[in-house]
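What follows is a set of notes on a single structure, which appears directly below.
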There are 2 protein chains.
Amino acid sequence: MSEVSDNETGETHRRTYHHGDLRTVLLDAVRVQLEAHGPDGVSLAQAAREVGVSSGAPYRHFKDKSAVLEAIVADGMDRLKEGMREGRDAFAKGSLEAVAGTGQAYIDFARHEPSVFRLVFSLTEGHQASDALKAKGAACFSVVMEAVALYLKRPVEEPIISRRAYMLWAFVHGHSFLMIDKKQIAQEYSAIEWDLLMDAARGFLDLTPT
Amino acid sequence: MSEVSDNETGETHRRTYHHGDLRTVLLDAVRVQLEAHGPDGVSLAQAAREVGVSSGAPYRHFKDKSAVLEAIVADGMDRLKEGMREGRDAFAKGSLEAVAGTGQAYIDFARHEPSVFRLVFSLTEGHQASDALKAKGAACFSVVMEAVALYLKRPVEEPIISRRAYMLWAFVHGHSFLMIDKKQIAQEYSAIEWDLLMDAARGFLDLTPT
DNA sequence: TCACCGCTGTGAGAAGCTCTTACATATGTA
DNA sequence: TACATATGTAAGAGCTTCTCACAGCGGTGA
């Protein structure tokens, strides 16, 4: 590293020619920009300035700006999946609470990193959503499916599992977005989020299966 | 007006000094950019070029770029609400179908104008979400509430109405986003969207009311 | 040990964008 | 008809992304 915090603008300078871990440090800086000022507030030039390198340096580590965002998204999705796993495993295997737990973790992630969360779902849309990201998305979904399958005491392969899991996902996804969008009503209900989650799980999973 | 389509880049020139209806034409051009290339693909300078005015002209009609987007969002929300009304009124008053109808209209809007739809929910977030936009949002939600109240045969004022309506909204909102994000599973289920909607309405509205 | 190759950073600059300012031209109203 | 106001233009400041030629460092093989 060998960095020294410098002037009042939060910039740094180095003693060594090479930075040491620019890629990681850059990602962190951009993530901070993203959460602080939204997607339009992200500037690689500014991030480079902050970590004390020239404006061309980032391009030694990323093809372009969108590649930086993609890396942040990939990272976020990994943390999201891990969180969902933990949220599920905090409750008894096969319980309704375990299902709701994955949803709660999803919502918590959105609340904690709203801009990254939003980016996850506006970037994978873009064009072909690099297969890596697609796979990560599927991994998240399968966490929910497993919990649902266990609760319904049926194999994950049955279509009804994916269908119910999808309905739950949509509900949780919708609430997450409405909440971080600061929609008035969503704010009110975020106080009783867990009740809502359990209601939804019951409503969707205790329906007569087709 | 008095425009003449010009060279191969889709630009136009005018015979009169004044454009005639720049505000409207500009909004249309930007909406096209938005749907074609996403929010980052919007350039006022490019839009001005396309409609045949100088790059400074848009600033006679809008404070800045975000004001243009805000106008597009306001417009979109009006159309959304109108669509939801129609979707609801296409079915018998007080029926479960009427409830699902508002949801279907919501989803159709998202499918038809995905970028505008997305913008509606990322712009109102920004800072204080100009009261005008907040009001439009509330108007949309009340369309759902009315349908739910009629189905449950209770006055809209009862908290349970808003709660169930919110759950439905979250579900529909989530599916809309997942669908336009081209999530694999969402695509599969969009074929049987109506079934999903009715399932959700039943699941949420036929729960024992607290 | 040392020469060299490739990785990573620099500095300058092209092209494009937003938004401002000073100026020009229509339009409608007194 | 004359002028105030609305709406356009041209030019430019300051920012951005991304490229390119060049420079310094670090690990590898002779």
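Ligands are numbered from 1 in the order shown, chains are lettered A, B, ... in the order of the structure tokens, and residues start at 1 in each chain.
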Pull the closest atom pair for each residue of chain A that gets at most 10 Å from chain B, along with the distance in Å to one decimal, counting only C-alpha atoms, ordering rows by chain and then ascending residue number, as a tab-separated table.
```
residue	atom	partner	partner_atom	distance
A:His37	CA	B:Gly126	CA	9.0
A:Gly38	CA	B:Gly126	CA	8.0
A:Pro39	CA	B:Asp40	CA	9.5
A:Asp40	CA	B:Asp40	CA	8.3
A:Ser115	CA	B:Ser122	CA	9.9
A:Arg118	CA	B:Ser122	CA	8.6
A:Val120	CA	B:Asp181	CA	9.7
A:Phe121	CA	B:Asp181	CA	6.3
A:Ser122	CA	B:Asp181	CA	6.6
A:Leu123	CA	B:Asp181	CA	8.4
A:Thr124	CA	B:Asp181	CA	6.9
A:Glu125	CA	B:Asp181	CA	4.5
A:Gly126	CA	B:Gly38	CA	8.0
A:His127	CA	B:Lys182	CA	9.6
A:Gln128	CA	B:Lys182	CA	9.5
A:Ala129	CA	B:Lys182	CA	9.2
A:Lys134	CA	B:Lys183	CA	8.2
A:Gly137	CA	B:Lys183	CA	8.4
A:Ala138	CA	B:Gln184	CA	8.6
A:Phe141	CA	B:Ile185	CA	9.3
A:Ser162	CA	B:Ile185	CA	8.5
A:Arg163	CA	B:Tyr189	CA	7.9
A:Arg164	CA	B:Leu196	CA	9.4
A:Tyr166	CA	B:Ile185	CA	7.6
A:Met167	CA	B:Phe171	CA	7.2
A:Leu168	CA	B:Phe171	CA	7.8
A:Trp169	CA	B:Gly174	CA	7.6
A:Ala170	CA	B:Gly174	CA	4.2
A:Phe171	CA	B:Phe171	CA	3.8
A:Val172	CA	B:Gly174	CA	7.2
A:His173	CA	B:Gly174	CA	4.9
A:Gly174	CA	B:Gly174	CA	3.6
A:His175	CA	B:Ala170	CA	4.9
A:Ser176	CA	B:Ala170	CA	8.4
A:Phe177	CA	B:Gly174	CA	7.8
A:Leu178	CA	B:Ala170	CA	7.3
A:Met179	CA	B:Glu125	CA	9.7
A:Ile180	CA	B:Glu125	CA	7.5
A:Asp181	CA	B:Glu125	CA	4.6
A:Lys182	CA	B:Glu125	CA	6.0
A:Lys183	CA	B:Glu125	CA	7.9
A:Gln184	CA	B:Lys134	CA	8.5
A:Ile185	CA	B:Tyr166	CA	7.5
A:Ala186	CA	B:Tyr166	CA	7.7
A:Glu188	CA	B:Arg163	CA	9.9
A:Tyr189	CA	B:Arg163	CA	7.9
A:Leu196	CA	B:Met167	CA	7.6
A:Leu197	CA	B:Met167	CA	9.3
A:Asp199	CA	B:Phe204	CA	7.8
A:Ala200	CA	B:Phe204	CA	7.0
A:Ala201	CA	B:Gly203	CA	9.3
A:Arg202	CA	B:Gly203	CA	8.0
A:Gly203	CA	B:Gly203	CA	4.2
A:Phe204	CA	B:Gly203	CA	5.6
A:Leu205	CA	B:Gly203	CA	8.6
A:Asp206	CA	B:Gly203	CA	8.3
A:Leu207	CA	B:Gly203	CA	6.6
A:Thr208	CA	B:Gly203	CA	9.8
```
Exercise for the section: With a distance cut-off of 12 Å and only C-alpha atoms (C1' of nucleotides), select the neighbouring residues of DC4 in chain C, excluding the residue or stretch itself and same-chain residues fewer than 4 positions from it, and output the selection as a PyMOL selection string. Expected result: chain D and resi 26-30
Handout entry: Selection near DC17 in chain C, 8 Å with only C-alpha atoms (C1' of nucleotides), sequence-local residues under 4 positions removed, as a list in words
Key = Ser43 and Ala45 of chain B; DT16 of chain D
Enumerate the residues of range 53-147 of chain A with a DSSP assignment of alpha helix (DSSP H), computed from the backbone, and present them as a compact mmCIF listing (two decimals) with C-alpha atoms, in the first residue's frame.
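Output below, filename result-v6.txt:
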```txt
# COMPACT_ATOMS: atom_id res chain seq x y z
CA LYS A 65 -16.76 1.53 -16.62
CA SER A 66 -19.47 -1.07 -17.00
CA ALA A 67 -16.97 -3.82 -16.23
CA VAL A 68 -16.33 -2.16 -12.89
CA LEU A 69 -20.03 -2.11 -12.12
CA GLU A 70 -20.33 -5.70 -13.23
CA ALA A 71 -17.62 -6.73 -10.78
CA ILE A 72 -19.46 -4.95 -7.98
CA VAL A 73 -22.66 -6.70 -8.95
CA ALA A 74 -21.01 -10.11 -9.04
CA ASP A 75 -19.62 -9.47 -5.60
CA GLY A 76 -22.98 -8.33 -4.31
CA MET A 77 -24.73 -11.40 -5.61
CA ASP A 78 -22.30 -13.64 -3.79
CA ARG A 79 -22.97 -11.86 -0.53
CA LEU A 80 -26.70 -11.96 -1.21
CA LYS A 81 -26.70 -15.72 -1.70
CA GLU A 82 -24.63 -16.25 1.38
CA GLY A 83 -27.00 -14.08 3.39
CA MET A 84 -30.01 -15.99 2.14
CA ARG A 85 -28.39 -19.26 3.17
CA GLU A 86 -27.75 -17.96 6.64
CA GLY A 87 -31.24 -16.50 6.88
CA ARG A 88 -32.68 -19.86 6.03
CA ASP A 89 -30.45 -21.95 8.23
CA LEU A 96 -42.14 -21.98 7.24
CA GLU A 97 -39.81 -19.68 9.14
CA ALA A 98 -36.88 -20.98 7.12
CA VAL A 99 -38.67 -19.91 3.96
CA ALA A 100 -39.42 -16.48 5.39
CA GLY A 101 -35.83 -16.29 6.58
CA THR A 102 -34.47 -16.31 3.05
CA GLY A 103 -36.84 -13.49 2.23
CA GLN A 104 -35.80 -11.48 5.26
CA ALA A 105 -32.16 -11.81 4.27
CA TYR A 106 -33.01 -10.64 0.76
CA ILE A 107 -34.77 -7.58 2.15
CA ASP A 108 -31.96 -6.87 4.57
CA PHE A 109 -29.46 -6.90 1.74
CA ALA A 110 -31.58 -4.44 -0.22
CA ARG A 111 -31.89 -2.20 2.81
CA HIS A 112 -28.19 -2.31 3.55
CA PRO A 114 -29.78 -0.34 -1.94
CA SER A 115 -27.75 0.89 -4.89
CA VAL A 116 -25.86 -2.34 -5.32
CA PHE A 117 -29.14 -4.21 -5.02
CA ARG A 118 -30.73 -2.04 -7.66
CA LEU A 119 -27.74 -2.44 -9.91
CA VAL A 120 -27.92 -6.21 -9.65
CA PHE A 121 -31.29 -6.06 -11.35
CA SER A 122 -30.71 -3.34 -13.88
CA LEU A 123 -27.37 -4.59 -15.07
CA ASP A 131 -23.41 -16.10 -18.02
CA ALA A 132 -21.52 -15.77 -14.76
CA LEU A 133 -24.13 -13.36 -13.43
CA LYS A 134 -26.96 -15.53 -14.67
CA ALA A 135 -25.53 -18.46 -12.77
CA LYS A 136 -25.25 -16.43 -9.59
CA GLY A 137 -28.88 -15.42 -9.97
CA ALA A 138 -29.96 -19.01 -10.35
CA ALA A 139 -27.95 -19.93 -7.26
CA CYS A 140 -29.88 -17.40 -5.20
CA PHE A 141 -33.18 -18.69 -6.44
CA SER A 142 -32.29 -22.26 -5.65
CA VAL A 143 -31.79 -21.33 -2.00
CA VAL A 144 -35.45 -20.36 -1.88
CA MET A 145 -36.52 -23.41 -3.83
CA GLU A 146 -34.79 -25.75 -1.41
CA ALA A 147 -36.53 -24.17 1.55
```
Exercise for the section: Give me the residues within 12 Å of DT17 in chain D as JSON, numbers by chain, counting only C-alpha atoms (C1' of nucleotides) and dropping any in the same chain fewer than 4 places off. Expected result: {"A": [42, 43, 44, 45, 46, 55, 56, 58, 59, 63, 64, 65, 66], "C": [14, 15, 16, 17]}
Least-squares Cα fit of chain A to chain B, output as a short mmCIF file (atom, residue, chain, number, x, y, z; two decimals) with C-alpha atoms, in the first residue's frame:
```cif
data_model
loop_
_atom_site.label_atom_id
_atom_site.label_comp_id
_atom_site.auth_asym_id
_atom_site.auth_seq_id
_atom_site.Cartn_x
_atom_site.Cartn_y
_atom_site.Cartn_z
CA MET A 1 -43.56 22.44 -37.22
CA SER A 2 -42.23 22.93 -40.75
CA GLU A 3 -39.62 20.25 -40.42
CA VAL A 4 -37.95 18.35 -43.19
CA SER A 5 -36.28 15.05 -42.60
CA ASP A 6 -32.75 15.58 -43.66
CA ASN A 7 -29.61 13.54 -43.87
CA GLU A 8 -29.05 9.87 -43.09
CA THR A 9 -28.55 10.39 -39.35
CA GLY A 10 -32.18 11.13 -38.78
CA GLU A 11 -31.65 14.79 -38.15
CA THR A 12 -34.10 17.45 -39.24
CA HIS A 13 -33.91 21.13 -40.08
CA ARG A 14 -36.54 23.79 -39.80
CA ARG A 15 -37.71 26.53 -42.09
CA THR A 16 -38.93 28.72 -39.24
CA TYR A 17 -36.74 30.07 -36.49
CA HIS A 18 -38.98 28.80 -33.74
CA HIS A 19 -39.64 25.13 -33.50
CA GLY A 20 -43.26 25.26 -32.47
CA ASP A 21 -43.51 22.44 -29.98
CA LEU A 22 -40.01 21.64 -28.89
CA ARG A 23 -40.92 20.52 -25.40
CA THR A 24 -43.19 17.73 -26.58
CA VAL A 25 -40.98 16.64 -29.45
CA LEU A 26 -37.97 16.59 -27.15
CA LEU A 27 -39.75 14.43 -24.62
CA ASP A 28 -40.66 11.96 -27.31
CA ALA A 29 -37.11 11.82 -28.62
CA VAL A 30 -35.71 11.24 -25.15
CA ARG A 31 -38.30 8.57 -24.42
CA VAL A 32 -37.19 6.76 -27.55
CA GLN A 33 -33.54 7.00 -26.49
CA LEU A 34 -34.46 5.74 -23.07
CA GLU A 35 -36.25 2.65 -24.29
CA ALA A 36 -33.68 1.98 -26.98
CA HIS A 37 -30.44 2.41 -25.06
CA GLY A 38 -31.30 2.54 -21.39
CA PRO A 39 -30.90 5.44 -18.95
CA ASP A 40 -27.19 5.83 -19.68
CA GLY A 41 -27.96 6.12 -23.37
CA VAL A 42 -29.91 9.31 -22.91
CA SER A 43 -28.21 12.43 -24.24
CA LEU A 44 -29.98 15.76 -24.45
CA ALA A 45 -27.39 16.93 -26.95
CA GLN A 46 -28.16 13.97 -29.18
CA ALA A 47 -31.92 14.44 -28.78
CA ALA A 48 -31.57 18.11 -29.71
CA ARG A 49 -29.60 17.13 -32.80
CA GLU A 50 -32.28 14.64 -33.78
CA VAL A 51 -35.08 17.15 -33.62
CA GLY A 52 -32.97 19.77 -35.35
CA VAL A 53 -32.20 22.35 -32.67
CA SER A 54 -29.00 23.46 -31.01
CA SER A 55 -27.71 21.71 -27.90
CA GLY A 56 -28.67 24.65 -25.75
CA ALA A 57 -32.29 24.77 -26.80
CA PRO A 58 -33.57 22.09 -24.41
CA TYR A 59 -32.53 24.26 -21.50
CA ARG A 60 -35.19 26.78 -22.45
CA HIS A 61 -37.78 24.16 -21.56
CA PHE A 62 -36.17 22.15 -18.77
CA LYS A 63 -33.99 23.14 -15.88
CA ASP A 64 -31.64 20.25 -16.50
CA LYS A 65 -31.47 16.69 -17.74
CA SER A 66 -33.13 15.24 -14.67
CA ALA A 67 -36.10 17.56 -15.16
CA VAL A 68 -36.61 16.00 -18.58
CA LEU A 69 -36.60 12.53 -17.08
CA GLU A 70 -38.95 13.68 -14.36
CA ALA A 71 -41.43 14.91 -16.96
CA ILE A 72 -41.28 11.55 -18.70
CA VAL A 73 -41.88 9.80 -15.41
CA ALA A 74 -44.84 12.00 -14.54
CA ASP A 75 -46.33 11.25 -17.91
CA GLY A 76 -45.74 7.55 -17.49
CA MET A 77 -47.40 7.46 -14.11
CA ASP A 78 -50.51 9.07 -15.53
CA ARG A 79 -50.74 6.44 -18.23
CA LEU A 80 -50.06 3.73 -15.67
CA LYS A 81 -52.92 4.85 -13.44
CA GLU A 82 -55.26 5.10 -16.36
CA GLY A 83 -54.31 1.62 -17.49
CA MET A 84 -54.90 0.20 -14.03
CA ARG A 85 -58.34 1.78 -13.95
CA GLU A 86 -59.23 0.24 -17.27
CA GLY A 87 -57.78 -3.11 -16.24
CA ARG A 88 -59.96 -3.09 -13.19
CA ASP A 89 -63.14 -1.88 -14.82
CA ALA A 90 -62.94 -4.57 -17.48
CA PHE A 91 -64.30 -6.99 -14.88
CA ALA A 92 -67.29 -7.12 -12.60
CA LYS A 93 -67.18 -4.64 -9.75
CA GLY A 94 -66.03 -6.35 -6.56
CA SER A 95 -64.76 -9.46 -8.30
CA LEU A 96 -61.39 -11.05 -7.71
CA GLU A 97 -60.77 -10.63 -11.41
CA ALA A 98 -61.05 -6.87 -11.04
CA VAL A 99 -58.25 -6.99 -8.49
CA ALA A 100 -56.09 -9.13 -10.75
CA GLY A 101 -56.97 -6.81 -13.62
CA THR A 102 -55.20 -3.87 -12.02
CA GLY A 103 -52.16 -6.08 -11.59
CA GLN A 104 -52.25 -7.23 -15.19
CA ALA A 105 -52.36 -3.63 -16.37
CA TYR A 106 -49.39 -2.81 -14.17
CA ILE A 107 -47.42 -5.69 -15.66
CA ASP A 108 -48.44 -4.76 -19.18
CA PHE A 109 -47.18 -1.24 -18.67
CA ALA A 110 -43.85 -2.57 -17.44
CA ARG A 111 -43.60 -4.89 -20.41
CA HIS A 112 -44.49 -2.18 -22.89
CA GLU A 113 -42.27 0.59 -21.51
CA PRO A 114 -39.69 -1.15 -19.36
CA SER A 115 -37.26 1.75 -19.15
CA VAL A 116 -39.91 4.29 -18.26
CA PHE A 117 -41.28 1.85 -15.71
CA ARG A 118 -37.87 1.38 -14.17
CA LEU A 119 -37.29 5.09 -14.13
CA VAL A 120 -40.55 5.69 -12.30
CA PHE A 121 -39.14 3.73 -9.39
CA SER A 122 -35.55 4.86 -9.40
CA LEU A 123 -36.29 8.53 -9.82
CA THR A 124 -38.93 8.98 -7.18
CA GLU A 125 -36.31 7.57 -4.86
CA GLY A 126 -33.58 10.07 -5.63
CA HIS A 127 -34.13 12.82 -3.14
CA GLN A 128 -37.47 14.22 -2.14
CA ALA A 129 -39.48 12.82 -5.02
CA SER A 130 -41.28 16.02 -5.93
CA ASP A 131 -44.66 15.99 -4.23
CA ALA A 132 -46.36 15.81 -7.60
CA LEU A 133 -44.81 12.41 -8.26
CA LYS A 134 -45.64 11.20 -4.78
CA ALA A 135 -49.27 12.10 -5.35
CA LYS A 136 -49.35 10.23 -8.64
CA GLY A 137 -47.92 7.19 -6.90
CA ALA A 138 -50.59 7.32 -4.24
CA ALA A 139 -53.24 7.62 -6.93
CA CYS A 140 -52.07 4.38 -8.52
CA PHE A 141 -52.12 2.59 -5.22
CA SER A 142 -55.61 3.74 -4.43
CA VAL A 143 -56.89 2.08 -7.60
CA VAL A 144 -55.76 -1.23 -6.16
CA MET A 145 -57.12 -0.42 -2.73
CA GLU A 146 -60.57 0.32 -4.11
CA ALA A 147 -60.69 -3.00 -5.91
CA VAL A 148 -59.54 -4.85 -2.81
CA ALA A 149 -62.03 -3.07 -0.58
CA LEU A 150 -64.88 -3.96 -2.90
CA TYR A 151 -63.84 -7.59 -3.04
CA LEU A 152 -63.50 -7.86 0.72
CA LYS A 153 -66.72 -5.89 1.20
CA ARG A 154 -65.14 -3.53 3.69
CA PRO A 155 -64.51 0.22 3.70
CA VAL A 156 -61.19 1.31 2.20
CA GLU A 157 -60.27 2.99 5.45
CA GLU A 158 -59.79 -0.26 7.35
CA PRO A 159 -56.08 -1.03 7.77
CA ILE A 160 -56.53 -4.57 6.48
CA ILE A 161 -57.41 -3.18 3.06
CA SER A 162 -54.20 -1.24 2.70
CA ARG A 163 -52.24 -4.18 4.04
CA ARG A 164 -53.61 -6.71 1.59
CA ALA A 165 -53.41 -4.24 -1.25
CA TYR A 166 -49.80 -3.57 -0.40
CA MET A 167 -48.96 -7.27 -0.41
CA LEU A 168 -50.53 -7.62 -3.82
CA TRP A 169 -48.74 -4.56 -5.08
CA ALA A 170 -45.41 -5.91 -3.88
CA PHE A 171 -46.04 -9.19 -5.66
CA VAL A 172 -47.05 -7.57 -8.92
CA HIS A 173 -44.23 -5.05 -8.68
CA GLY A 174 -41.73 -7.81 -8.08
CA HIS A 175 -42.93 -9.89 -10.98
CA SER A 176 -42.88 -6.85 -13.25
CA PHE A 177 -39.28 -6.12 -12.42
CA LEU A 178 -38.11 -9.69 -12.66
CA MET A 179 -39.83 -10.03 -16.01
CA ILE A 180 -38.34 -6.91 -17.59
CA ASP A 181 -34.98 -7.84 -16.11
CA LYS A 182 -35.31 -10.89 -18.29
CA LYS A 183 -34.80 -13.25 -15.42
CA GLN A 184 -35.06 -16.73 -16.79
CA ILE A 185 -37.74 -17.99 -14.43
CA ALA A 186 -39.79 -14.86 -14.72
CA GLN A 187 -39.90 -15.34 -18.47
CA GLU A 188 -41.26 -18.82 -18.05
CA TYR A 189 -43.98 -17.70 -15.73
CA SER A 190 -45.00 -14.69 -17.75
CA ALA A 191 -46.79 -17.14 -20.02
CA ILE A 192 -49.20 -17.99 -17.23
CA GLU A 193 -49.18 -14.56 -15.67
CA TRP A 194 -52.92 -14.41 -15.20
CA ASP A 195 -52.97 -17.68 -13.28
CA LEU A 196 -50.21 -16.37 -11.06
CA LEU A 197 -52.12 -13.16 -10.47
CA MET A 198 -55.29 -14.97 -9.53
CA ASP A 199 -53.34 -17.33 -7.29
CA ALA A 200 -51.75 -14.39 -5.55
CA ALA A 201 -55.01 -12.54 -5.15
CA ARG A 202 -56.63 -15.62 -3.64
CA GLY A 203 -53.62 -16.32 -1.44
CA PHE A 204 -53.57 -12.81 -0.04
CA LEU A 205 -57.23 -11.86 0.05
CA ASP A 206 -58.75 -15.12 1.21
CA LEU A 207 -56.41 -15.34 4.18
CA THR A 208 -58.24 -15.06 7.50
CA PRO A 209 -58.30 -11.30 8.03
CA THR A 210 -56.67 -10.20 11.25
#
```
Would you mind listing, for every residue of chain C within 8 Å of chain B, the two atoms forming the shortest contact and the distance between them in Å to one decimal, using only C-alpha atoms (C1' of nucleotides), sorted by chain and ascending residue number, as JSON lines?
```
{"residue": "C:DC17", "atom": "C1'", "partner": "B:Ala45", "partner_atom": "CA", "distance": 7.4}
{"residue": "C:DT18", "atom": "C1'", "partner": "B:Lys65", "partner_atom": "CA", "distance": 7.9}
{"residue": "C:DC19", "atom": "C1'", "partner": "B:Asp64", "partner_atom": "CA", "distance": 7.6}
{"residue": "C:DT25", "atom": "C1'", "partner": "B:Tyr17", "partner_atom": "CA", "distance": 7.1}
{"residue": "C:DA26", "atom": "C1'", "partner": "B:His18", "partner_atom": "CA", "distance": 7.0}
```
Exercise for the section: Do me a favour and pick out the residues of chain D within 10 Å of chain B, using only C-alpha atoms (C1' of nucleotides), as a PyMOL selection string. Expected result: chain D and resi 6-10
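C1' of DC20 in chain D to C1' of DA3 in chain C spans 26.7 Å [interatomic distance, one decimal].
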Problem - Residue contacts of DA2 in chain D (12 Å, only C-alpha atoms (C1' of nucleotides)) excluding same-chain residues fewer than 3 positions away, as a ChimeraX atom specification - result: /C:28-30
Can you write just those residues out, C-alpha atoms (C1' of nucleotides), as a PDB file, in the first residue's frame?
```pdb
ATOM      1  C1'  DG C  28     -48.144  38.810 -29.089  1.00  0.00           C
ATOM      2  C1'  DT C  29     -49.873  42.752 -26.809  1.00  0.00           C
ATOM      3  C1'  DA C  30     -50.325  47.621 -25.617  1.00  0.00           C
TER       4       DA C  30
END
```
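C1' of DG11 in chain C sits 23.9 Å away from C1' of DG12 in chain D.
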